[in-house]
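All remarks here apply to the structure that follows.
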Amino acid sequence: MSQPVFETTEEVGAGGQIEPIHVVIDGNVEPPESTPEFGSWQTVSWPANTSVATSAQQLLPETRKRYEANILVIAGTGAAAGAFVRIGTMAQVMNNGGAQVPALSSPTRVTYHASQAVWVASDGANAATVVVLDERYL
């Protein structure tokens with residue numbers, strides 16, 4: 001239903017004042033089909049028998065402008081079957097929580113879209129490498 005349009009402030013219903021313009025602020029950063037303007041790569045690796053506390057580090061910063069992050073997990077030399085890395089918040093990975101992503105000889109890929117920061121840590125026994133491409137809007 002459309003609002004009446006007043007040509008002057010003297011018309012009936014205009015109240016002698018200019019009507020305020022209704023403004024809606026959309027919180028979305030960019031439409032999903034647009035291309036991100038920024039991308040950064042990072043590689044994290046550690047040898048076998050590295051403790052969770054020693055290996056834990058931030059993989060992705062917190063940003064509301066993230067389009068997508070692609071995380072690849074690859075087993076290091078001599079990694080045993082069942083090797084994994086922990087991915088999640090700092091509190092999760094430091095307390096042996098978060099997601100256990102398998103570290104295989106061919107990369108395991110995880111796609112991440114949220115704005116929250118992401119941390120990664122080893123399983124404490126196996127060598128592994130984690131590669132991430134973080135795509136963001138400026």
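Ligands are numbered from 1 in the order shown, chains are lettered A, B, ... in the order of the structure tokens, and residues start at 1 in each chain.
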Shell around A:Ala114 at 8 Å using only C-alpha atoms, local window under 4 positions removed, as an mmCIF file with C-alpha atoms, in the first residue's frame:
```
data_model
loop_
_atom_site.group_PDB
_atom_site.id
_atom_site.type_symbol
_atom_site.label_atom_id
_atom_site.label_comp_id
_atom_site.auth_asym_id
_atom_site.auth_seq_id
_atom_site.Cartn_x
_atom_site.Cartn_y
_atom_site.Cartn_z
ATOM 1 C CA ARG A 64 31.975 -9.429 9.851
ATOM 2 C CA ARG A 66 34.170 -12.667 5.685
ATOM 3 C CA GLU A 68 34.198 -17.568 2.837
#
```
Open item on the list: Need to verify the contact set: stretch 94-111 of chain A, 12 Å, only C-alpha atoms, exclusion of same-chain residues closer than 5 positions in sequence. Can you return it as a ChimeraX atom specification?
Closed with: /A:45,51-58,66-89,118-135
Once you have the residues from the selection above, write them out as a tab-separated table (two decimals), in the first residue's frame, restricted to C-alpha atoms.
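Here's the written file out03.tsv:
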```
chain	number	residue	atom	x	y	z
A	45	SER	CA	52.18	-26.96	10.39
A	51	SER	CA	51.15	-30.70	22.57
A	52	VAL	CA	47.77	-29.10	22.05
A	53	ALA	CA	48.80	-26.09	24.15
A	54	THR	CA	51.96	-25.56	22.06
A	55	SER	CA	50.29	-26.07	18.69
A	56	ALA	CA	47.09	-24.05	19.30
A	57	GLN	CA	46.92	-20.84	17.32
A	58	GLN	CA	44.43	-18.54	15.67
A	66	ARG	CA	34.17	-12.67	5.69
A	67	TYR	CA	32.79	-14.08	2.46
A	68	GLU	CA	34.20	-17.57	2.84
A	69	ALA	CA	37.22	-19.38	4.24
A	70	ASN	CA	38.49	-22.66	2.80
A	71	ILE	CA	40.48	-24.74	5.26
A	72	LEU	CA	42.57	-27.68	4.01
A	73	VAL	CA	43.93	-30.27	6.46
A	74	ILE	CA	46.76	-32.56	5.31
A	75	ALA	CA	48.55	-35.32	7.23
A	76	GLY	CA	52.23	-34.75	7.89
A	77	THR	CA	55.03	-37.23	7.24
A	78	GLY	CA	54.56	-40.39	9.28
A	79	ALA	CA	51.07	-39.48	10.54
A	80	ALA	CA	49.13	-42.52	11.73
A	81	ALA	CA	45.69	-43.55	10.55
A	82	GLY	CA	43.12	-41.62	12.56
A	83	ALA	CA	45.24	-38.44	12.73
A	84	PHE	CA	43.21	-35.24	13.07
A	85	VAL	CA	43.38	-31.57	13.98
A	86	ARG	CA	41.01	-29.71	16.25
A	87	ILE	CA	39.23	-26.66	14.83
A	88	GLY	CA	36.99	-24.33	16.84
A	89	THR	CA	37.11	-21.45	19.29
A	118	VAL	CA	38.72	-19.84	14.36
A	119	TRP	CA	41.56	-21.61	16.17
A	120	VAL	CA	43.39	-24.81	15.26
A	121	ALA	CA	45.48	-27.30	17.28
A	122	SER	CA	47.15	-30.65	16.66
A	123	ASP	CA	45.87	-33.94	18.05
A	124	GLY	CA	49.02	-34.08	20.18
A	125	ALA	CA	50.49	-37.12	18.43
A	126	ASN	CA	50.66	-36.65	14.65
A	127	ALA	CA	52.32	-34.25	12.24
A	128	ALA	CA	49.87	-32.16	10.20
A	129	THR	CA	49.60	-29.11	7.95
A	130	VAL	CA	46.62	-26.76	7.75
A	131	VAL	CA	46.25	-24.30	4.85
A	132	VAL	CA	43.54	-21.62	4.79
A	133	LEU	CA	42.31	-19.14	2.19
A	134	ASP	CA	40.31	-16.35	3.86
A	135	GLU	CA	38.19	-14.33	1.39
```
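Here atom CA of A:Tyr137 stands at a distance of 12.4 Å from atom CA of A:His113.
Minimum distance to A:Met90 across A:Pro47, A:Lys65, A:Ala117, A:Tyr112 (counting only C-alpha atoms) occurs at A:Ala117.
Atom CA of A:Leu60 lies 11.2 Å from atom CA of A:Thr43.
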TODO: Please give the complete set of residues from stretch 28-138 of chain A that DSSP, run on the backbone, assigns to strand (DSSP E or B), formatted as a PyMOL selection string.
DONE: chain A and resi 38-46+57-60+66-75+84-88+99-102+104+108-112+118-122+128-136
